[in-house]
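The file coords_17.txt comes next; it holds compact mmCIF, C-alpha atoms.
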```
# COMPACT_ATOMS: atom_id res chain seq x y z
CA VAL A 1 1.30 -82.62 31.93
CA ALA A 2 0.83 -79.26 33.68
CA ILE A 3 2.94 -76.57 35.37
CA ALA A 4 2.18 -73.62 37.63
CA ALA A 5 4.28 -70.74 38.97
CA GLY A 6 3.79 -68.94 42.27
CA ALA A 7 5.72 -65.94 43.52
CA LEU A 8 8.91 -67.83 44.36
CA HIS A 9 7.97 -71.49 43.94
CA SER A 10 6.96 -73.77 41.10
CA LEU A 11 4.73 -76.83 40.67
CA ALA A 12 4.61 -79.63 38.12
CA LEU A 13 1.95 -82.30 37.60
CA LYS A 14 3.16 -85.60 36.12
CA ASN A 15 1.03 -87.98 34.09
CA ASP A 16 1.01 -90.45 36.99
CA GLY A 17 -0.96 -87.97 39.09
CA THR A 18 1.93 -86.95 41.35
CA VAL A 19 2.74 -83.31 42.08
CA TRP A 20 6.30 -82.00 42.37
CA ALA A 21 7.46 -78.65 43.72
CA TRP A 22 10.63 -76.58 44.08
CA GLY A 23 11.77 -73.13 45.20
CA GLU A 24 10.94 -71.15 48.32
CA ASN A 25 9.27 -73.09 51.12
CA ASP A 26 9.17 -70.80 54.18
CA ASP A 27 5.41 -71.37 54.57
CA GLY A 28 5.29 -74.99 53.41
CA GLN A 29 4.21 -74.14 49.87
CA LEU A 30 6.19 -77.11 48.52
CA GLY A 31 3.97 -79.52 50.47
CA GLU A 32 6.65 -82.07 51.39
CA GLY A 33 6.41 -81.73 55.15
CA THR A 34 9.15 -79.19 55.91
CA ASN A 35 9.87 -75.50 55.57
CA ASN A 36 13.16 -76.06 53.76
CA ASP A 37 13.70 -74.48 50.35
CA ALA A 38 14.30 -76.96 47.52
CA TRP A 39 16.74 -76.32 44.70
CA SER A 40 15.36 -79.23 42.71
CA PRO A 41 11.88 -80.82 42.55
CA VAL A 42 10.53 -82.65 45.61
CA ARG A 43 7.39 -84.74 45.68
CA VAL A 44 4.32 -83.21 47.32
CA GLN A 45 2.85 -85.52 49.94
CA ALA A 46 -0.68 -86.97 49.85
CA PHE A 47 -1.02 -87.89 46.18
CA THR A 48 -0.60 -91.63 46.54
CA LEU A 49 -4.07 -93.10 46.98
CA VAL A 50 -5.53 -90.32 44.80
CA ARG A 51 -4.21 -88.77 41.62
CA ALA A 52 -3.99 -85.05 41.00
CA VAL A 53 -5.49 -83.80 37.73
CA ALA A 54 -4.98 -80.02 37.99
CA ILE A 55 -2.72 -77.61 39.92
CA ALA A 56 -2.37 -73.90 40.72
CA ALA A 57 0.12 -71.75 42.62
CA GLY A 58 -0.46 -68.53 44.54
CA ASP A 59 2.06 -66.23 46.16
CA LYS A 60 2.87 -68.67 48.96
CA HIS A 61 0.23 -71.37 48.72
CA SER A 62 -0.56 -74.20 46.34
CA LEU A 63 -3.67 -76.03 45.12
CA ALA A 64 -4.43 -79.32 43.42
CA VAL A 65 -7.60 -81.07 42.25
CA ASP A 66 -7.75 -84.85 42.56
CA GLY A 67 -9.57 -87.33 40.35
CA ASN A 68 -12.56 -87.30 42.69
CA GLY A 69 -13.07 -83.56 42.20
CA GLU A 70 -11.82 -82.59 45.66
CA VAL A 71 -9.35 -79.75 46.28
CA TRP A 72 -6.10 -80.16 48.21
CA THR A 73 -4.24 -77.11 49.51
CA TRP A 74 -0.96 -76.36 51.29
CA GLY A 75 1.31 -73.45 52.18
CA LYS A 76 0.56 -70.09 53.75
CA ASN A 77 -2.89 -69.69 55.24
CA ASP A 78 -2.97 -66.28 56.92
CA PHE A 79 -6.23 -65.36 55.16
CA GLY A 80 -7.76 -68.82 55.03
CA GLN A 81 -6.64 -69.31 51.43
CA LEU A 82 -6.32 -73.05 52.09
CA GLY A 83 -10.05 -73.33 52.72
CA ASP A 84 -9.73 -75.77 55.64
CA SER A 85 -11.63 -73.51 58.10
CA SER A 86 -8.41 -72.34 59.76
CA ILE A 87 -5.61 -69.81 59.36
CA VAL A 88 -2.89 -72.35 60.16
CA SER A 89 -0.25 -72.72 57.44
CA ARG A 90 0.32 -76.29 56.24
CA SER A 91 3.50 -77.96 54.98
CA THR A 92 1.52 -80.99 53.75
CA PRO A 93 -1.73 -80.96 51.76
CA VAL A 94 -5.11 -80.72 53.47
CA LYS A 95 -8.54 -80.85 51.87
CA ALA A 96 -10.46 -77.64 51.30
CA LYS A 97 -13.80 -78.14 53.00
CA GLN A 98 -17.25 -78.16 51.44
CA LEU A 99 -15.96 -78.56 47.87
CA MET A 100 -16.85 -81.41 45.51
CA ASN A 101 -16.96 -81.90 41.73
CA VAL A 102 -14.21 -79.34 41.11
CA VAL A 103 -12.58 -79.37 37.67
CA GLN A 104 -10.30 -76.31 37.81
CA VAL A 105 -8.56 -74.19 40.44
CA ALA A 106 -6.74 -70.86 40.37
CA ALA A 107 -4.70 -69.12 43.04
CA GLY A 108 -4.37 -65.41 43.64
CA ALA A 109 -1.91 -63.74 45.97
CA THR A 110 -3.84 -64.62 49.13
CA HIS A 111 -7.09 -66.11 47.83
CA SER A 112 -8.18 -69.20 45.90
CA VAL A 113 -10.85 -69.90 43.29
CA ALA A 114 -12.43 -73.13 42.03
CA ARG A 115 -14.74 -74.02 39.17
CA LYS A 116 -17.14 -76.91 39.54
CA SER A 117 -18.40 -79.21 36.83
CA ASP A 118 -21.82 -77.52 37.05
CA GLY A 119 -20.29 -74.19 35.93
CA SER A 120 -20.41 -72.53 39.35
CA VAL A 121 -17.43 -70.67 40.84
CA TRP A 122 -16.31 -70.75 44.47
CA ALA A 123 -13.70 -68.64 46.25
CA TRP A 124 -12.07 -68.41 49.66
CA GLY A 125 -9.35 -66.52 51.52
CA ASP A 126 -8.62 -62.80 51.42
CA ARG A 127 -11.64 -60.69 50.46
CA ARG A 128 -10.38 -57.19 51.38
CA HIS A 129 -10.49 -56.23 47.69
CA LEU A 130 -13.64 -58.14 46.78
CA GLN A 131 -11.66 -61.14 45.51
CA LEU A 132 -14.43 -63.49 46.62
CA GLY A 133 -17.12 -61.67 44.70
CA ASP A 134 -19.53 -61.24 47.59
CA ASP A 135 -20.59 -58.25 49.68
CA ALA A 136 -18.27 -58.78 52.66
CA LEU A 137 -15.04 -56.77 52.81
CA ALA A 138 -14.10 -56.68 56.48
CA GLN A 139 -12.86 -60.23 57.03
CA ALA A 140 -11.45 -63.23 55.21
CA SER A 141 -13.43 -66.38 54.49
CA TRP A 142 -11.83 -69.54 55.79
CA LEU A 143 -14.29 -71.64 53.81
CA PRO A 144 -15.35 -71.52 50.13
CA VAL A 145 -18.22 -69.20 49.23
CA ARG A 146 -20.06 -69.16 45.93
CA VAL A 147 -19.18 -66.19 43.71
CA GLN A 148 -22.15 -63.96 43.04
CA PHE A 149 -23.18 -62.35 39.78
CA GLY A 150 -23.26 -58.57 39.75
CA LEU A 151 -24.25 -56.45 42.70
CA PRO A 152 -25.38 -58.37 45.81
CA VAL A 153 -29.15 -58.84 45.84
CA THR A 154 -31.64 -60.84 47.89
CA PRO A 155 -31.92 -63.68 47.06
CA PRO A 156 -28.34 -63.86 45.70
CA GLN A 157 -27.62 -64.40 42.01
CA TYR A 158 -24.58 -66.46 41.13
CA LEU A 159 -22.17 -66.96 38.24
CA THR A 160 -23.28 -69.86 36.03
CA ASN A 161 -22.09 -71.72 32.94
CA ILE A 162 -18.44 -70.83 33.60
CA VAL A 163 -15.93 -72.82 31.53
CA ALA A 164 -12.59 -71.20 32.48
CA LEU A 165 -11.16 -69.07 35.27
CA ALA A 166 -7.99 -67.15 36.16
CA ALA A 167 -6.86 -65.47 39.36
CA GLY A 168 -4.60 -62.43 39.51
CA GLY A 169 -3.04 -60.82 42.53
CA GLU A 170 -6.33 -59.51 43.89
CA HIS A 171 -8.72 -59.92 40.96
CA ASN A 172 -10.32 -62.72 38.93
CA LEU A 173 -11.44 -63.42 35.39
CA VAL A 174 -13.86 -66.06 34.10
CA LEU A 175 -15.23 -67.13 30.72
CA ASN A 176 -18.72 -68.51 30.30
CA ALA A 177 -20.03 -70.95 27.72
CA ASN A 178 -21.02 -68.06 25.45
CA HIS A 179 -17.39 -66.82 25.40
CA ASP A 180 -18.27 -63.78 27.51
CA MET A 181 -15.77 -62.61 30.13
CA LEU A 182 -16.69 -61.53 33.64
CA VAL A 183 -14.27 -59.83 36.04
CA TRP A 184 -14.25 -58.89 39.71
CA GLY A 185 -11.99 -57.81 42.56
CA SER A 186 -9.36 -55.10 42.73
CA ASP A 187 -9.52 -52.44 40.05
CA LYS A 188 -6.71 -50.28 41.44
CA TYR A 189 -4.85 -50.41 38.13
CA LEU A 190 -7.96 -51.10 36.01
CA GLU A 191 -6.98 -54.79 36.02
CA SER A 192 -10.64 -55.80 36.33
CA SER A 193 -12.98 -53.44 34.52
CA ALA A 194 -10.28 -51.74 32.37
CA ILE A 195 -12.16 -48.47 32.79
CA GLY A 196 -11.94 -48.02 36.56
CA GLY A 197 -14.19 -48.45 39.56
CA GLY A 198 -16.74 -51.03 38.56
CA TYR A 199 -20.06 -49.96 40.14
CA GLY A 200 -18.13 -47.25 42.00
CA VAL A 201 -17.21 -49.51 44.92
CA THR A 202 -14.22 -48.53 47.05
CA ALA A 203 -12.31 -50.56 49.66
CA PRO A 204 -11.46 -49.09 53.07
CA ASP A 205 -7.90 -48.46 51.83
CA GLY A 206 -9.21 -46.49 48.84
CA THR A 207 -8.70 -49.20 46.21
CA ARG A 208 -11.31 -49.21 43.45
CA LEU A 209 -13.24 -52.48 43.38
CA THR A 210 -15.73 -54.19 41.14
CA PHE A 211 -18.37 -56.85 41.69
CA SER A 212 -18.51 -59.42 38.91
CA GLU A 213 -19.41 -57.70 35.65
CA TYR A 214 -19.00 -58.27 31.93
CA LEU A 215 -15.81 -56.88 30.41
CA GLN A 216 -16.41 -54.72 27.35
CA GLY A 217 -14.13 -53.68 24.53
CA ILE A 218 -12.71 -56.90 23.06
CA THR A 219 -13.42 -57.71 19.42
CA GLY A 220 -13.55 -61.39 18.49
CA LYS A 221 -14.50 -64.70 20.07
CA LEU A 222 -12.72 -65.19 23.40
CA LEU A 223 -10.85 -68.47 23.84
CA ALA A 224 -8.50 -68.02 26.81
CA ILE A 225 -7.79 -65.68 29.74
CA SER A 226 -4.86 -65.06 32.07
CA ALA A 227 -4.41 -62.77 35.07
CA GLY A 228 -1.15 -61.26 36.33
CA THR A 229 -0.54 -59.43 39.57
CA HIS A 230 -2.19 -56.21 38.39
CA HIS A 231 -2.87 -56.80 34.68
CA SER A 232 -4.96 -59.14 32.55
CA LEU A 233 -4.80 -60.84 29.15
CA ALA A 234 -7.32 -62.40 26.79
CA LEU A 235 -6.86 -64.47 23.61
CA THR A 236 -9.34 -64.45 20.75
CA GLU A 237 -10.04 -67.03 18.07
CA GLU A 238 -8.24 -64.86 15.52
CA GLY A 239 -5.00 -65.19 17.48
CA ARG A 240 -5.07 -61.63 18.82
CA VAL A 241 -4.02 -60.92 22.39
CA TRP A 242 -5.79 -58.16 24.34
CA SER A 243 -4.42 -56.58 27.52
CA TRP A 244 -5.48 -54.15 30.23
CA GLY A 245 -4.42 -53.03 33.69
CA ARG A 246 -1.03 -51.97 35.06
CA ASN A 247 1.70 -51.23 32.52
CA ASP A 248 4.66 -49.95 34.52
CA GLN A 249 6.92 -52.66 33.06
CA GLY A 250 5.41 -52.66 29.58
CA GLN A 251 3.45 -55.81 30.41
CA LEU A 252 0.56 -54.74 28.17
CA GLY A 253 2.69 -54.80 25.02
CA ASP A 254 1.51 -51.43 23.71
CA SER A 255 5.06 -49.99 23.32
CA THR A 256 4.59 -47.74 26.39
CA VAL A 257 4.84 -47.94 30.17
CA ILE A 258 1.70 -45.87 30.65
CA ASP A 259 -1.41 -47.42 32.20
CA PRO A 260 -4.07 -47.14 29.48
CA PHE A 261 -7.75 -46.45 30.02
CA GLY A 262 -9.43 -49.38 28.31
CA VAL A 263 -8.69 -52.70 26.62
CA PHE A 264 -6.31 -52.79 23.63
CA ALA A 265 -4.83 -55.44 21.35
CA VAL A 266 -1.13 -56.14 21.86
CA LYS A 267 0.80 -54.48 19.06
CA ALA A 268 2.29 -56.45 16.15
CA LEU A 269 1.15 -59.80 17.58
CA ARG A 270 -0.78 -62.25 15.44
CA GLY A 271 -1.29 -65.99 15.47
CA ALA A 272 -1.14 -66.49 19.23
CA LYS A 273 -2.17 -69.90 20.53
CA ALA A 274 -1.71 -69.51 24.30
CA ILE A 275 -1.09 -66.73 26.82
CA ALA A 276 0.30 -66.30 30.34
CA ALA A 277 0.50 -63.26 32.62
CA GLY A 278 3.20 -62.93 35.29
CA GLY A 279 3.90 -60.34 37.94
CA GLY A 280 5.08 -57.60 35.59
CA HIS A 281 5.43 -59.35 32.24
CA SER A 282 3.35 -61.29 29.72
CA LEU A 283 3.93 -64.21 27.37
CA ALA A 284 2.25 -65.47 24.21
CA LEU A 285 2.93 -68.70 22.36
CA VAL A 286 2.84 -67.99 18.65
CA ALA A 287 2.78 -70.62 15.91
CA PRO A 288 4.26 -70.04 12.45
CA VAL A 289 1.65 -69.39 9.78
CA LEU A 290 2.21 -70.50 6.18
CA GLN A 291 -0.61 -69.89 3.73
CA VAL A 292 -1.24 -70.31 0.00
CA ASP A 293 -3.20 -67.98 -2.24
CA LYS A 294 -5.20 -70.82 -3.81
CA ALA A 295 -6.73 -73.93 -2.30
CA ALA A 296 -7.13 -75.57 -5.71
CA LEU A 297 -5.77 -75.37 -9.27
CA SER A 298 -7.98 -76.36 -12.20
CA PHE A 299 -6.08 -76.82 -15.47
CA GLY A 300 -9.22 -77.56 -17.51
CA ASN A 301 -8.88 -79.36 -20.83
CA VAL A 302 -5.29 -79.80 -22.00
CA GLN A 303 -4.30 -81.55 -25.24
CA ILE A 304 -2.26 -84.72 -24.86
CA ASN A 305 1.51 -84.04 -24.73
CA ASN A 306 0.90 -80.32 -24.34
CA SER A 307 1.24 -78.50 -21.02
CA VAL A 308 -0.29 -75.72 -18.99
CA THR A 309 1.46 -74.03 -16.06
CA LEU A 310 -0.30 -72.26 -13.18
CA THR A 311 1.17 -70.66 -10.06
CA VAL A 312 0.64 -70.93 -6.32
CA ILE A 313 2.10 -68.34 -3.96
CA ALA A 314 3.10 -69.59 -0.51
CA SER A 315 3.59 -66.76 1.99
CA ASN A 316 4.39 -66.21 5.63
CA ALA A 317 1.29 -64.69 7.20
CA GLY A 318 2.55 -64.88 10.77
CA VAL A 319 4.85 -62.85 12.99
CA ILE A 320 7.77 -65.31 13.13
CA PRO A 321 9.74 -67.09 10.36
CA VAL A 322 8.26 -70.26 8.87
CA ASN A 323 10.08 -73.12 7.15
CA ILE A 324 9.02 -74.79 3.91
CA ASN A 325 10.73 -78.16 4.30
CA SER A 326 9.65 -79.85 1.10
CA VAL A 327 7.29 -79.46 -1.87
CA VAL A 328 5.98 -82.64 -3.50
CA ILE A 329 3.04 -83.79 -5.61
CA SER A 330 1.00 -86.77 -4.56
CA GLY A 331 -0.60 -88.12 -7.73
CA PRO A 332 0.07 -88.87 -11.42
CA ALA A 333 3.43 -87.95 -12.92
CA GLU A 334 1.66 -85.67 -15.41
CA PHE A 335 1.70 -83.06 -12.64
CA SER A 336 5.02 -81.44 -11.72
CA VAL A 337 6.14 -78.51 -9.59
CA ALA A 338 9.07 -76.09 -9.91
CA PRO A 339 9.55 -73.95 -6.78
CA GLY A 340 10.68 -70.40 -7.36
CA CYS A 341 12.85 -70.59 -4.24
CA ALA A 342 15.40 -73.05 -2.93
CA ILE A 343 13.79 -75.83 -0.89
CA PRO A 344 14.14 -76.17 2.07
CA GLN A 345 13.45 -72.48 2.52
CA GLN A 346 12.85 -70.27 5.54
CA LEU A 347 10.43 -67.48 4.79
CA ALA A 348 10.84 -64.30 6.79
CA VAL A 349 7.78 -62.43 8.00
CA ALA A 350 5.70 -61.30 4.97
CA ALA A 351 8.04 -63.13 2.54
CA SER A 352 6.69 -65.44 -0.16
CA CYS A 353 7.71 -68.11 -2.66
CA THR A 354 6.02 -68.71 -6.03
CA LEU A 355 5.49 -72.34 -7.09
CA GLN A 356 4.99 -73.18 -10.78
CA VAL A 357 2.74 -76.20 -11.19
CA THR A 358 2.54 -77.86 -14.62
CA PHE A 359 0.02 -80.33 -16.01
CA ARG A 360 1.15 -82.34 -19.09
CA PRO A 361 -1.28 -85.19 -19.86
CA THR A 362 0.04 -88.23 -21.73
CA SER A 363 -3.38 -89.85 -22.32
CA LEU A 364 -7.07 -89.07 -22.34
CA GLY A 365 -9.08 -88.57 -19.17
CA ASN A 366 -9.36 -86.64 -15.93
CA ARG A 367 -6.47 -86.46 -13.49
CA THR A 368 -6.35 -85.30 -9.85
CA ALA A 369 -3.45 -84.81 -7.46
CA LYS A 370 -2.38 -82.89 -4.39
CA LEU A 371 0.43 -80.37 -4.03
CA LEU A 372 1.87 -80.88 -0.53
CA LEU A 373 3.94 -78.26 1.25
CA ASN A 374 5.59 -79.70 4.35
CA ASN A 375 6.20 -76.94 6.89
CA ASP A 376 6.31 -76.20 10.62
CA SER A 377 2.99 -74.37 10.61
CA PRO A 378 1.28 -76.22 12.27
CA MET A 379 3.58 -79.22 11.71
CA THR A 380 1.43 -80.66 8.95
CA ASP A 381 1.32 -80.56 5.15
CA LEU A 382 -0.44 -77.64 3.50
CA GLU A 383 -2.49 -78.99 0.58
CA VAL A 384 -3.51 -77.59 -2.81
CA THR A 385 -5.89 -79.74 -4.88
CA LEU A 386 -4.94 -80.19 -8.56
CA ALA A 387 -7.27 -81.24 -11.37
CA GLY A 388 -6.94 -81.48 -15.17
CA ASN A 389 -8.37 -83.33 -18.17
CA GLY A 390 -6.39 -84.79 -21.06
CA VAL A 391 -8.10 -84.31 -24.48
CA GLN A 392 -7.28 -84.82 -28.18
```
Using the file provided, produce a representation of the structure as structure tokens.
Amino acid sequence: VAIAAGALHSLALKNDGTVWAWGENDDGQLGEGTNNDAWSPVRVQAFTLVRAVAIAAGDKHSLAVDGNGEVWTWGKNDFGQLGDSSIVSRSTPVKAKQLMNVVQVAAGATHSVARKSDGSVWAWGDRRHLQLGDDALAQASWLPVRVQFGLPVTPPQYLTNIVALAAGGEHNLVLNANHDMLVWGSDKYLESSAIGGGYGVTAPDGTRLTFSEYLQGITGKLLAISAGTHHSLALTEEGRVWSWGRNDQGQLGDSTVIDPFGVFAVKALRGAKAIAAGGGHSLALVAPVLQVDKAALSFGNVQINNSVTLTVIASNAGVIPVNINSVVISGPAEFSVAPGCAIPQQLAVAASCTLQVTFRPTSLGNRTAKLLLNNDSPMTDLEVTLAGNGVQ
């Protein structure tokens, strides 16, 4: 029911609440009690009396949330990214301390983040690049700390009403209930602020940093976020994907390998439903989009045994081909359809097919029907309402 990818290992969550892992295991990131690599999935220990409901994978550590809202961690722990108040790596899961009511976790390279049911955000592990969102840079935190809002003040202000989070290599993204995005952490490649040096903070190694701040520049209602090693993605309600940060491998999808200054929509991409950011690449799941130019056809008054023909144009409004599998009319036989293309038909991008719909009443009275276009966008019939009245 869920999957997660670390640097060189992978996790899967089954619907029975068990967690399975495979790949590199030199720091115990597979959680099965050894440091042996696994070429096929092995079962993570601990999830027997409790069921896992969410998972996340960092570079060399792994996270899971159980049904009680507690966080289990395993793998490398050199910066305290397991949150068990130690820096001892673990080959079997241990509980992160001082965390309850967690509903989502995310794992960065060497830090971890959790969202609680009350909308608060907590982080632990490496904080050299402000990954934990507080005002300490010199040392790691072996225990979860609450992520602050904006510049540190006294008394502290904290992030609230958060509904989604994502962790990159050394930065983080969150969405709040108002569909606003906040970012914090490393801004070396503009992966956080997109414009460089949020609040002008600099790490001891010279890396630009930002405390949590609102990201500007995206048009549309935000629905989803994803963070790669040094780049970030956002998905809007309109199906547009926006990207910012490092672009040395073309991971921003702007047809260049130049790091831009700002946030830009990925070129030629429409109709996206989900996004994912990797180390130096990005993915978007795009659904086919079939649309019709009319939601209804009204034939008005038509004399008995005479006919009127109207047209409906079905077109591919997406960025991948879409199939029209069948065209039928649900209703009285007085309505008929003659497709202007062979059915089944695959429409290329921007292609269309004209359907001729005829109403020929055989008796007096009103008639209604539905023109149904079965297609793979989004695996349901597209409907056009038909109405006509038979008169003398």
Please, which residues in segment 60-107 of chain A fall within 10 Å of segment 129-146 of chain A when counting only C-alpha atoms, and what is the closest atom pair and distance in Å to one decimal for each, ordered by chain then residue number, as CSV?
```
residue,atom,partner,partner_atom,distance
A:Asn77,CA,A:Trp142,CA,9.0
A:Asp78,CA,A:Ala140,CA,9.2
A:Phe79,CA,A:Ala140,CA,5.6
A:Gly80,CA,A:Trp142,CA,4.2
A:Gln81,CA,A:Trp142,CA,6.8
A:Leu82,CA,A:Trp142,CA,7.5
A:Gly83,CA,A:Leu143,CA,4.7
A:Asp84,CA,A:Leu143,CA,6.4
A:Ser85,CA,A:Trp142,CA,4.6
A:Ser86,CA,A:Trp142,CA,5.9
A:Ile87,CA,A:Trp142,CA,7.2
A:Ala96,CA,A:Leu143,CA,7.5
A:Lys97,CA,A:Leu143,CA,6.6
A:Gln98,CA,A:Pro144,CA,7.0
A:Leu99,CA,A:Pro144,CA,7.4
```
Practice prompt. Give the answer as one residue: which of A:Gly23, A:Gly331, A:Gly365, A:Gly196 has the shortest atom-to-atom distance to Val384 of chain A, using only C-alpha atoms?
Written response: A:Gly331
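Atom pair atom CA of Gly262 of chain A / atom CA of Gly217 of chain A has a distance of 7.4 Å (rounded to one decimal).
When only C-alpha atoms are used to measure the gap to Leu382 of chain A, the shortest distance among A:Gln346, A:Ser243, A:Thr311, A:Asn325 belongs to A:Asn325.
Computed from the coordinates, the atom CA of Leu151 of chain A to atom CA of Gln104 of chain A distance equals 24.8 Å.
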Fill in: Distance in Å - atom CA of Ala333 of chain A versus atom CA of Val292 of chain A
22.4 Å
Discussion item. Residues near Ile195 of chain A, anyone? I mean within 10 Å using only C-alpha atoms, not counting same-chain ones fewer than 6 positions away, as a PyMOL selection string.
Written reply: chain A and resi 187+189+215-217+244-245+260-263
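Look at everything within 9 Å of (3.4, -76.0, 4.2) using all atoms listed in the file, and the residues you get are Val289, Leu290, Gln291, Val292, Ala314, Val322, Asn323, Ile324, Asn325, Ser326, Val327, Leu372, Leu373, Asn374, Asn375, Asp376, Ser377, Pro378, Met379, Thr380, Asp381, Leu382 and Glu383 of chain A.
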Using all atoms listed in the file, I'd like a table of the residues in segment 152-212 of chain A that come within 7 Å of segment 228-235 of chain A; for each, show the closest atom pair and its distance in Å rounded to one decimal, ordered by chain and ascending number, as JSON lines.
```
{"residue": "A:Gly168", "atom": "CA", "partner": "A:Gly228", "partner_atom": "CA", "distance": 4.8}
{"residue": "A:Gly169", "atom": "CA", "partner": "A:Thr229", "partner_atom": "CA", "distance": 4.1}
{"residue": "A:Tyr189", "atom": "CA", "partner": "A:His230", "partner_atom": "CA", "distance": 6.4}
{"residue": "A:Glu191", "atom": "CA", "partner": "A:His231", "partner_atom": "CA", "distance": 4.8}
```
Could you write those residues out with C-alpha atoms, as an mmCIF file, keeping the file's coordinate frame?
```cif
data_model
loop_
_atom_site.group_PDB
_atom_site.id
_atom_site.type_symbol
_atom_site.label_atom_id
_atom_site.label_comp_id
_atom_site.auth_asym_id
_atom_site.auth_seq_id
_atom_site.Cartn_x
_atom_site.Cartn_y
_atom_site.Cartn_z
ATOM 1 C CA GLY A 168 -4.600 -62.430 39.510
ATOM 2 C CA GLY A 169 -3.040 -60.820 42.530
ATOM 3 C CA TYR A 189 -4.850 -50.410 38.130
ATOM 4 C CA GLU A 191 -6.980 -54.790 36.020
#
```
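Restricting the calculation to only C-alpha atoms, the smallest distance between Leu63 of chain A and any of A:Ala166, A:Val105, A:Glu32, A:Val88 is found for A:Val105.
Counting only C-alpha atoms and comparing A:Pro361, A:Gly6, A:Pro339, A:Gly250, the residue that lies closest to Gly108 of chain A is A:Gly6.
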Discussion item. Taking all atoms listed in the file into account, name the residue in A:Val121, A:Ala338, A:Ala4, A:Leu269 that is nearest to Thr160 of chain A.
Written reply: A:Val121
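For Gln251 of chain A, the set of protein, DNA and RNA residues having any atom at most 9 Å away, when counting all atoms listed in the file and skipping those fewer than 5 positions along the same chain, is His231, Ser243, Gly245, Arg246, Val257, Ala277, Gly278, Gly279, Gly280, His281, Ser282 and Leu283 of chain A.
Closest approach to Val183 of chain A among A:Asn15, A:Thr256, A:Ser226, A:Ser120: A:Ser226, based on all atoms listed in the file.
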Fill in: Polymer residues at most 9 Å from (6.7, -64.8, 44.7) by only C-alpha atoms, as a ChimeraX atom specification
/A:5-9,24,58-60,109,279
